[in-house]
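Participant: Here's a structure for you.
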Amino acid sequence: MGAAMPPRSKSPDGHSDQLARTREQFLTAEAVDTNQVRDAILASWWRSRRWNVAADHIDLTYVRDPDLDTPLTRSALPVLRHLREHLDGQPISIILTDPQGLVLTRMDAGRDLDTHLERVNLAPGFSYAEEHVGTNGIGTALEGGRPMHVFGHEHYAENLEDLACAGVPIHHPISGKTVGAVDLTCWRKDADPLLLTLAKTTAGQIQQALLTDSGIRELELLQEYLRTCRRTAGIVMALNNDVVMMNDNARQVLDPTEQSILLAQAAETLASRTPTGSVVVSLPSGARARLYCRPVRGEGRLAGGVVHVKLSGPGAASRPETATPIRMFLPGLVGSGALWLRGCHQVRAVYDAGEWLAVEGEPGVGKLAVVRAVHQHRRPGVHFTVLDAATAVRRGWLADAHRELLDDSRAVVITHVDRLSSGRLRSLSRLLEEARALPSPPWVAVTLSQRHDSGEMAGLLRFFPSTVELPPLRHHVEDVHALVPFFLSRLVGGSNLTCSPDAMQLLLRSSWPGNTEQLFQVLRRIVQHRRAGAILPADLPPECRTVSRRLLSPLEAMERDAIVRSLMDWDGNKIKAASALGMSRATIYRKIHEYGIVTPTT
Ligand SMILES: Nc1ncnc2c1ncn2[C@@H]1O[C@H](COP(=O)(O)OP(=O)(O)OP(=O)(O)O)[C@@H](O)[C@H]1O
C-alpha cells in the first residue's frame with residue numbers, strides 16, 4: 001500500500017494530533033469540535049458510548065469455534081486466498097466475519113501485524129461487533145450496512161490506534177440479507193484509500209461466488225424436476241425457499257387453492273425430519289391427494305424437493321386417519337396462528353388486486369418472506385427484486401432503484417424504508433411516481449418496522465393504498481412448533497436433528513423480541529455444536545431462558561446471560577449461583593424476576 005493520506009480538516013487519516021485530542025475530549029464528555037471528526041465516526045463513537053464499550057482496553061470473551069462449513073465461507077475462502085496471493089506478502093490482514101462481526105478467519109499478514117492483531121483479539125472466535133469493540137472497520141460497517149474505513153484514532157478503543165481497517169458488508173445476492181463482512185486491516189502508517197476499494201471489490205467477488213453456488217443448487221433441483229416429469233404423467237411440482245415449479249398437469253388438474261394447499265404441505269413435509277415417504281392431504285373439494293416428496297441435494301446440501309401427487313376420488317371409503325392437517329398455504333412459509341394467517345391472506349389479497357403494498361411489523365417478523373412467498377406462488381416465473389433501503393447510503397443505491405423500478409423488474413420489494421433519510425424518501429417518491437405512470441408498471445411493495453410521522457414518509461406511503469401489519473412472533477408463538485423443524489431442515493438439510501419437548505417448552509415460553517429471525521439465529525447457533533439427535537434445554541442460549549417482554553440493553557443482556565450460565569453451572573441452585581457471581585441472594589432473586597429467567601429446575 002502507498003503512503004499515508006495528507007491530513008484534512010475532518011481528518012480521515014486518523015493520525016493527526018487534533019483527531020487524537022478530539023477523541024479524548026469525546027471520551028471525557030467534553031464538547032467536541034465536529035469539524036475534526038467525520039460524521040459517520042462521531043455517530044459510531046456515540047453508539048460505542050451507549051454500548052458502554054471500554055475505550056482503554058480490549059478484552060473480549062472468546063465466543064466459539066467458527067463454523068467454516070457455511071455457504072458464506074465456502075464461497076468466500078477461495079476469493080480471499082486468491083487475494084492473499086495477489087497481495088504478495090504485504091502486511092495487510094484479510095479478515096472474514098459473520099453478520100454479527102464474529103471473526104471466522106484471518107489470513108497471515110506477517111509476524112508483527114499478526115502478533116498485534118492477536119493482542120487485540122482480532123482473531124477467529126472473537127466478535128468485532130461495534131457493541132463489543134466500539135468504532136472499527138468491521139463492526140461499524142456492519143452497523144451502518146455500508147463500506148467503512150476507520151483510521152488510527154478514529155477507532156474507539158485506544159489499542160487499535162495504530163491500525164487502519166476497511167470493512168465492507170457482504171450481502172446475499174438473492175435475498176439481499178447481510179451474510180457477513182470482509183475487512184482489510186493494515187498498520188495505520190501504511191493506510192491508503194485504495195484499501196477500501198480493494199475491500200469493496202473483494203466483497204463483490206464473494207457475492208458473485210455466492211450467486212454461482214446458489215445457482216448450482218437450483219440447477220440440481222431443475223434437473224431432478226425434469227427427470228421426474230419425464231418419468232411420470234401425473235402431477236409434479238418442485239420447490240425450495242426461492243423457487244416453485246409445476247408441470248402442466250398440476251396447472252390443469254388442480255385449481256389455485258388446491259395448488260397452494262399441496263405446495264404448502266410439500267414444503268412442510270420437506271422441512272420435517274421425515275421428508276421421504278408419502279403424506280395424504282384432504283382437499284376442500286373432498287378429493288384426497290397423496291404426496292410423494294423427495295428431497296434434492298446439491299453441493300452436499302438440501303436444494304429443495306420434488307413432489308409427485310396422486311389424487312383419489314372423494315367417494316373413496318378409507319379416508320386415512322393419518323391425513324395431515326393443512327397448516328400453511330404459501331410455499332416456503334409455515335405457521336397457522338390466526339393473526340399470522342390473517343396477515344398472509346391480506347398480503348395475498350392486495351397482491352391479487354394488483355395494488356402496491358406496504359407491509360409493517362417489528363423487525364424479523366417475516367415481512368419480506370410473506371411478500372416473496374405470495375409472489376412465488378402467484379407468478380413464479382416473474383422476476384422478483386429486493387432492494388434494501390438500509391443500504392441506501394451507499395453510492396449507486398438510487399441508480400439501482402431507478403433501474404429496477406423503471407427498466408427491469410416486474411416485482412420490486414424495497415425493505416426497511418423507515419431507514420431512509422428525508423432526502424432519499426423524496427427521491428424514492430419521485431421514482432415511484434415515474435414507475436406508476438409507466439404503461440405497464442411494476443408491482444411494488446415496501447416493508448417498514450416503524451412508521452415515523454415525517455411528511456416525507458407520508459409522501460412515500462401515498463403510493464401504497466394498503467398497509468398490512470404482520471404480528472410479532474409472541475402473538476402467534478404456537479407457530480414455533482412448526483418453525484423449529486422448518487428452520488432445522490433449512491440449516492442442516494438431511495441430518496436427523498430434532499427438538500426435545502423440554503427445549504420446545506422453553507422456546508415456546510420465550511418472548512422473542514427479535515421475532516422469527518431471532519428464532520432462526522438461535523437455531524443457527526445451536527446447529528454449530530449439535531447437528532444430529534435432539535436439541536436439549538442445555539443447548540439453548542441464555543436468551544431462550546427468559547420470558548421478559550422488555551428489550552434488554554446490551555449490558556443487561558450480558559448480566560442476564562451470566563446469571564443463566566451460573567444457574568446452569570449450579571443446577572439451578574440460586575444461592576450457589578449468586579455466590580459464584582459475587583451477588584447477594586436477594587439480588588439474584590430480584591434479577592431472576594426482573595429478567596424473567598426460567599431457571600433450569602423449572
Ligand atoms: N412463517 C414463516 N415460515 C418460515 N420462515 C419464516 C416465516 N416467517 C419468517 N421466516 C423467516 O424468518 C426470517 C426473517 O424473515 P424476514 O426477513 O422476512 O423478516 P422481516 O420482517 O422482513 O425482517 P426485517 O424487517 O428485520 O428485515 C427469514 O429467514 C424468513 O425466511
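Just so we're on the same page: first chain in the C-alpha cells is A, next is B, and so on; residues restart at 1 for each chain, and ligands are numbered from 1 in the order they show up.
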Go through region 408-520 of chain A and flag each residue having an atom no more than 12 Å from region 376-394 of chain A; for those, report the closest pair of atoms plus their distance in Å to one decimal, using only C-alpha atoms, ordered by chain and rising number, as a tab-separated table.
Facilitator:
residue	atom	partner	partner_atom	distance
A:Asp408	CA	A:His383	CA	8.7
A:Ser409	CA	A:His383	CA	5.9
A:Arg410	CA	A:His383	CA	5.9
A:Ala411	CA	A:Phe384	CA	4.9
A:Val412	CA	A:Thr385	CA	4.8
A:Val413	CA	A:Val386	CA	4.9
A:Ile414	CA	A:Leu387	CA	4.7
A:Thr415	CA	A:Asp388	CA	4.9
A:His416	CA	A:Ala389	CA	5.3
A:Val417	CA	A:Ala389	CA	5.4
A:Asp418	CA	A:Ala389	CA	8.1
A:Arg419	CA	A:Ala390	CA	5.7
A:Leu420	CA	A:Ala389	CA	6.2
A:Ser421	CA	A:Val393	CA	8.7
A:Ser422	CA	A:Ala392	CA	11.8
A:Gly423	CA	A:Val393	CA	10.8
A:Arg424	CA	A:Ala392	CA	7.7
A:Leu425	CA	A:Ala389	CA	9.7
A:Ser427	CA	A:Ala392	CA	11.2
A:Leu428	CA	A:Ala389	CA	10.0
A:Pro442	CA	A:Phe384	CA	10.1
A:Trp443	CA	A:Phe384	CA	9.5
A:Val444	CA	A:Thr385	CA	9.6
A:Ala445	CA	A:Val386	CA	9.6
A:Val446	CA	A:Leu387	CA	9.4
A:Thr447	CA	A:Ala389	CA	9.5
A:Leu448	CA	A:Ala389	CA	9.8
A:Ser449	CA	A:Ala390	CA	11.8
Participant: Which residues come within 8 Å of Arg531 (chain A), counting only C-alpha atoms, excluding same-chain residues fewer than 2 positions away, as a count of residues only?
Facilitator: 8
Participant: Extract, using only C-alpha atoms, all DNA, RNA and protein residues at most 7 Å from region 57-69 of chain A, discarding same-chain residues fewer than 2 positions from it, and format them as a ChimeraX atom specification.
Facilitator: /A:54-55,71,73-74,104,120-121,124-126,133,157-159,528
Participant: So that I can check the secondary structure, give me every residue of region 479-556 of chain A assigned helix (DSSP H, G or I) by backbone DSSP, as a PyMOL selection string.
Facilitator: chain A and resi 479-492+501-509+515-526+537-539+542-545+554-556
Participant: Give me the residues of chain A that have any atom at most 8 Å from an atom of ligand 1; for each, the nearest atom pair and the distance in Å, rounded to one decimal. Use only C-alpha atoms and all ligand atoms, sort by chain and number, and format it as a Markdown table.
Facilitator:
| residue | atom | partner | partner_atom_place_in_ligand_line | distance |
| --- | --- | --- | --- | --- |
| A:Lys177 | CA | ligand 1 | 17 (O) | 7.8 |
| A:Asn241 | CA | ligand 1 | 31 (O) | 7.7 |
| A:Gly332 | CA | ligand 1 | 4 (C) | 6.0 |
| A:Leu333 | CA | ligand 1 | 3 (N) | 3.5 |
| A:Val334 | CA | ligand 1 | 3 (N) | 4.0 |
| A:Gly335 | CA | ligand 1 | 1 (N) | 5.2 |
| A:Trp340 | CA | ligand 1 | 1 (N) | 7.7 |
| A:Glu360 | CA | ligand 1 | 21 (O) | 7.9 |
| A:Gly361 | CA | ligand 1 | 21 (O) | 6.3 |
| A:Glu362 | CA | ligand 1 | 21 (O) | 6.4 |
| A:Pro363 | CA | ligand 1 | 26 (O) | 3.4 |
| A:Gly364 | CA | ligand 1 | 23 (O) | 3.4 |
| A:Val365 | CA | ligand 1 | 21 (O) | 4.0 |
| A:Gly366 | CA | ligand 1 | 18 (O) | 3.3 |
| A:Lys367 | CA | ligand 1 | 21 (O) | 3.8 |
| A:Leu368 | CA | ligand 1 | 18 (O) | 3.6 |
| A:Ala369 | CA | ligand 1 | 18 (O) | 3.6 |
| A:Val370 | CA | ligand 1 | 18 (O) | 6.5 |
| A:Thr415 | CA | ligand 1 | 27 (O) | 6.6 |
| A:His416 | CA | ligand 1 | 25 (O) | 6.1 |
| A:Thr447 | CA | ligand 1 | 25 (O) | 6.7 |
| A:Leu448 | CA | ligand 1 | 25 (O) | 6.3 |
| A:Ser449 | CA | ligand 1 | 25 (O) | 6.0 |
| A:Asp479 | CA | ligand 1 | 1 (N) | 7.7 |
| A:Leu483 | CA | ligand 1 | 3 (N) | 6.0 |
| A:Phe486 | CA | ligand 1 | 4 (C) | 6.8 |
| A:Phe487 | CA | ligand 1 | 5 (N) | 7.1 |
| A:Asn515 | CA | ligand 1 | 14 (C) | 7.9 |
| A:Thr516 | CA | ligand 1 | 12 (O) | 4.9 |
| A:Glu517 | CA | ligand 1 | 14 (C) | 4.1 |
| A:Gln518 | CA | ligand 1 | 14 (C) | 7.9 |
| A:Leu519 | CA | ligand 1 | 12 (O) | 7.9 |
| A:Phe520 | CA | ligand 1 | 12 (O) | 6.4 |
